[in-house]
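Note sheet for the following structure.
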Amino acid sequence: MAQRHLDPTDPTAAAGPPPVPAGGDALADYLRAQATEFLRALRLHRESGAGAHGNGASGAHPSGAGALDRGRGRGPAPAPDGPVDAARALRRAARRLSGTLHTFQPLLDAEWAEAMRPELAWLSGTLALEHAYASRLDRLLQALHRLSGSAAFPAQQQAGRAAPARAAATADPAPVAPLAPSVTRPSPADRGNLTVGAAKAGALLDRQLTLARTRAHSTALQALGSSRFHAVADKVALLASEVPLKDTAAAAADLRPLAAAARDRLTDAVAALPLVTAGNPYNAQALVHGLSPDPAPHPQDAQWHQVRLLLRLHRYALEVLAGTDAEDADGADGTTDVRLLAAGEALDRHRDASEAAAAAAQAARTPRIAPATAYALGVLHADQRHEVEAARYAFQHSWRKEPIRL
């Protein structure tokens with residue numbers, strides 16, 4: 001059936017336009033709200049993480065404890081379940097602050113925004129590394145079992161947004177939490193059912209990614225105890241009480257042109273994607289140069305990763321326009337365009353599969369490994385590249401649909 005082609009990023013294309021705030025005051029309210037969430041997550045992270053381990057590197061910051069009272073317009077949020085949710089909330093608030101500063105920078109003090117945005121991006125990226133390595137290892141070990149026929153296929157992702165949030169909460173280790181195996185990792189008894197090559201490939205991936213996760217854990221500890229992090233916390237504490245707008249006229253400025261610019265950047269980036277090729281479930285070009293000696297990322301992936309970032313910026317801009325605090329990629333509220341959420345899910349799967357394929361290729365380059373091990377890693381790499389193409393197909397399928405609002 002022919003589908004009606006609408007602007008896939010126009011927030012007014014769905015049933016009824018979202019409420020449009022007055023102007024820069026709505027931007028200030030949103031930034032203060034996210035700064036308050038940042039400080040609340042920092043305090044909970046310190047109380048539930050550092051206290052149990054006696055390590056002051058978790059962000060025991062003098063400005064973070066008392067600055068919560070300076071946040072405006074926010075009621076008490078439900079307490080996260082320990083350091084895992086606290087660290088996730090910290091990353092979430094840092095991402096939103098950094099993305100909002102990027103989109104609406106012309107309305108803010110230029111020097112302050114230029115100095116603040118990269119620091120928030122650094123913090124969010126540093127805290128996300130440990131969870132990324134753990135999830136990558138789980139994904140690759142599950143794929144090895146699936147390809148070997150030694151275990152049931154992984155459970156299908158449940159519909160909606162609540163189930164992925166619970167899964168992320170159980171799999172996301174806090175930066176100060178002790179390293180522990182993820183609940184989805186196959187047990188040693190299960191590994192005995194693998195072929196010799198697959199078992200050795202799993203052991204090699206386990207060693208390499210666990211080492212990378214341990215290093216990311218140490219990096220996060222050092223970051224949270226550094227003067228650089230303390231400076232970021234100080235600035236966020238000030239942001240919770242006062243937003244440095246560019247001038248008095250910025251308080252009454254219309255936010256829609258800047259939000260439309262973010263939408264146009266996303267639309268242009270999607271237009272540059274090879275969606276005709278992605279219209280097929282599998283693309284043989286995805287396997288080209290997959291195991292070449294060059295460790296550079298796959299040339300096709302960079303454009304898709306950029307679209308994922310631009311889609312996130314567009315969603316944050318819509319949150320500011322709507323005056324809401326919508327959930328991140330792990331949740332949704334009643335004003336969210338479910339088509340954008342589906343596209344974001346597909347791009348997240350694309351990123352996970354492409355990074356897993358790169359990890360398999362990197363392991364296959366290990367010197368003096370057995371031929372059976374190298375073969376298993378090659379099959380694993382091809383499987384993940386097919387997952388990449390399936391995610392691209394899912395993205396283009398959801399992107400061309402008519403926007404729907406719940």
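Each chain of the structure tokens is named A, B, ... in the order shown, its residues numbered from 1; ligands are numbered from 1 in display order.
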Write out as a CSV table (one decimal) with N, CA and C atoms, in the first residue's frame the residues lying within 8 Å of Ala198 of chain A, counting only C-alpha atoms and excluding same-chain residues fewer than 3 positions away.
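Done, and the output landed in result.csv:
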chain,number,residue,atom,x,y,z
A,144,LEU,N,27.5,-16.0,19.4
A,144,LEU,CA,28.2,-17.3,19.2
A,144,LEU,C,27.4,-18.5,19.6
A,148,SER,N,26.1,-21.3,16.9
A,148,SER,CA,26.6,-22.7,17.1
A,148,SER,C,25.4,-23.6,17.4
A,194,LEU,N,29.6,-25.3,23.0
A,194,LEU,CA,30.1,-24.7,21.8
A,194,LEU,C,31.2,-25.6,21.1
A,195,THR,N,31.3,-25.4,19.8
A,195,THR,CA,32.4,-26.0,19.1
A,195,THR,C,33.8,-25.5,19.6
A,201,ALA,N,37.0,-18.7,20.5
A,201,ALA,CA,36.7,-17.3,20.1
A,201,ALA,C,36.0,-16.6,21.3
A,202,GLY,N,35.0,-17.2,21.9
A,202,GLY,CA,34.4,-16.6,23.1
A,202,GLY,C,35.3,-16.3,24.2
A,372,ALA,N,40.5,-22.5,13.5
A,372,ALA,CA,39.1,-22.7,13.9
A,372,ALA,C,38.6,-21.5,14.6
A,373,THR,N,39.5,-20.9,15.4
A,373,THR,CA,39.1,-19.7,16.2
A,373,THR,C,38.9,-18.5,15.2
A,376,ALA,N,35.6,-19.0,13.4
A,376,ALA,CA,34.4,-18.6,14.2
A,376,ALA,C,34.3,-17.1,14.3
A,377,LEU,N,35.4,-16.4,14.5
A,377,LEU,CA,35.3,-14.9,14.6
A,377,LEU,C,34.9,-14.3,13.2
* Residues at most 9 Å from Leu31 of chain A, counting only C-alpha atoms, excluding those fewer than 6 positions away in the same chain, as a VMD selection string? -> chain A and resid 96 to 97 100 to 101 239 to 240 243 320
Write the residues you've just listed into a file as a JSON list (two decimals), in the first residue's frame, and include N, CA, C and O atoms for each of them.
[["chain", "number", "residue", "atom", "x", "y", "z"],
["A", 96, "ARG", "N", 21.56, 15.51, 27.61],
["A", 96, "ARG", "CA", 20.54, 16.50, 27.28],
["A", 96, "ARG", "C", 21.06, 17.93, 27.42],
["A", 96, "ARG", "O", 20.74, 18.79, 26.60],
["A", 97, "LEU", "N", 21.83, 18.17, 28.44],
["A", 97, "LEU", "CA", 22.40, 19.50, 28.59],
["A", 97, "LEU", "C", 23.33, 19.82, 27.42],
["A", 97, "LEU", "O", 23.25, 20.91, 26.83],
["A", 100, "THR", "N", 21.28, 20.28, 24.14],
["A", 100, "THR", "CA", 20.49, 21.51, 24.13],
["A", 100, "THR", "C", 21.39, 22.73, 23.96],
["A", 100, "THR", "O", 21.02, 23.69, 23.25],
["A", 101, "LEU", "N", 22.55, 22.73, 24.59],
["A", 101, "LEU", "CA", 23.48, 23.83, 24.40],
["A", 101, "LEU", "C", 23.94, 23.92, 22.95],
["A", 101, "LEU", "O", 24.15, 25.02, 22.42],
["A", 239, "LEU", "N", 24.18, 26.54, 36.95],
["A", 239, "LEU", "CA", 23.15, 26.51, 35.92],
["A", 239, "LEU", "C", 21.78, 26.19, 36.52],
["A", 239, "LEU", "O", 20.75, 26.64, 36.00],
["A", 240, "ALA", "N", 21.74, 25.41, 37.58],
["A", 240, "ALA", "CA", 20.47, 25.06, 38.21],
["A", 240, "ALA", "C", 19.76, 26.28, 38.78],
["A", 240, "ALA", "O", 18.55, 26.24, 39.01],
["A", 243, "VAL", "N", 20.55, 30.67, 34.34],
["A", 243, "VAL", "CA", 20.95, 30.31, 32.98],
["A", 243, "VAL", "C", 21.54, 31.53, 32.30],
["A", 243, "VAL", "O", 20.87, 32.58, 32.22],
["A", 320, "VAL", "N", 12.29, 20.58, 24.34],
["A", 320, "VAL", "CA", 12.31, 21.98, 24.77],
["A", 320, "VAL", "C", 11.07, 22.70, 24.24],
["A", 320, "VAL", "O", 10.43, 23.47, 24.97]]
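The interatomic distance for the pair atom CA of Asp348 of chain A and atom CA of Thr103 of chain A works out to 21.3 Å.
For Glu345 of chain A, the non-local neighbours within 9 Å, defined as residues at least 2 positions apart in the same chain or in other chains and counting only C-alpha atoms, are Ala329, Asp330, Leu340, Leu341, Ala342, Ala343, Leu347, Asp348, Arg349, His350, Ala391 and Phe395 of chain A.
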* Would you mind listing what lies within 8 Å of segment 352-356 of chain A as a ChimeraX atom specification, with only C-alpha atoms counted and same-chain residues fewer than 6 positions away left out? => /A:136-137,139-140,301,381,384-385,387-388
Could you save the residues just selected, with N, CA, C and O atoms, as a short mmCIF file (atom, residue, chain, number, x, y, z; two decimals), in the first residue's frame?
data_model
loop_
_atom_site.label_atom_id
_atom_site.label_comp_id
_atom_site.auth_asym_id
_atom_site.auth_seq_id
_atom_site.Cartn_x
_atom_site.Cartn_y
_atom_site.Cartn_z
N ARG A 136 28.59 -5.15 24.74
CA ARG A 136 29.19 -5.71 23.53
C ARG A 136 29.61 -7.16 23.74
O ARG A 136 29.39 -8.02 22.86
N LEU A 137 30.20 -7.45 24.88
CA LEU A 137 30.60 -8.82 25.17
C LEU A 137 29.38 -9.73 25.26
O LEU A 137 29.38 -10.84 24.71
N ARG A 139 26.52 -9.34 23.82
CA ARG A 139 25.96 -9.49 22.48
C ARG A 139 26.74 -10.52 21.67
O ARG A 139 26.16 -11.39 20.99
N LEU A 140 28.07 -10.46 21.73
CA LEU A 140 28.90 -11.36 20.94
C LEU A 140 28.81 -12.79 21.46
O LEU A 140 28.77 -13.75 20.67
N ASP A 301 29.55 3.14 7.94
CA ASP A 301 28.92 3.34 9.25
C ASP A 301 28.90 4.79 9.70
O ASP A 301 28.01 5.19 10.46
N HIS A 381 31.69 -12.04 12.80
CA HIS A 381 31.74 -10.72 12.18
C HIS A 381 30.69 -10.58 11.08
O HIS A 381 29.98 -9.57 11.01
N GLN A 384 27.22 -10.11 12.56
CA GLN A 384 26.95 -8.78 13.08
C GLN A 384 26.81 -7.75 11.97
O GLN A 384 26.02 -6.80 12.09
N ARG A 385 27.54 -7.93 10.86
CA ARG A 385 27.34 -7.02 9.74
C ARG A 385 25.96 -7.22 9.11
O ARG A 385 25.33 -6.26 8.65
N GLU A 387 23.40 -7.99 10.92
CA GLU A 387 22.57 -7.28 11.88
C GLU A 387 22.58 -5.78 11.60
O GLU A 387 21.57 -5.09 11.77
N VAL A 388 23.73 -5.28 11.17
CA VAL A 388 23.83 -3.87 10.79
C VAL A 388 22.87 -3.56 9.65
O VAL A 388 22.11 -2.57 9.68
#
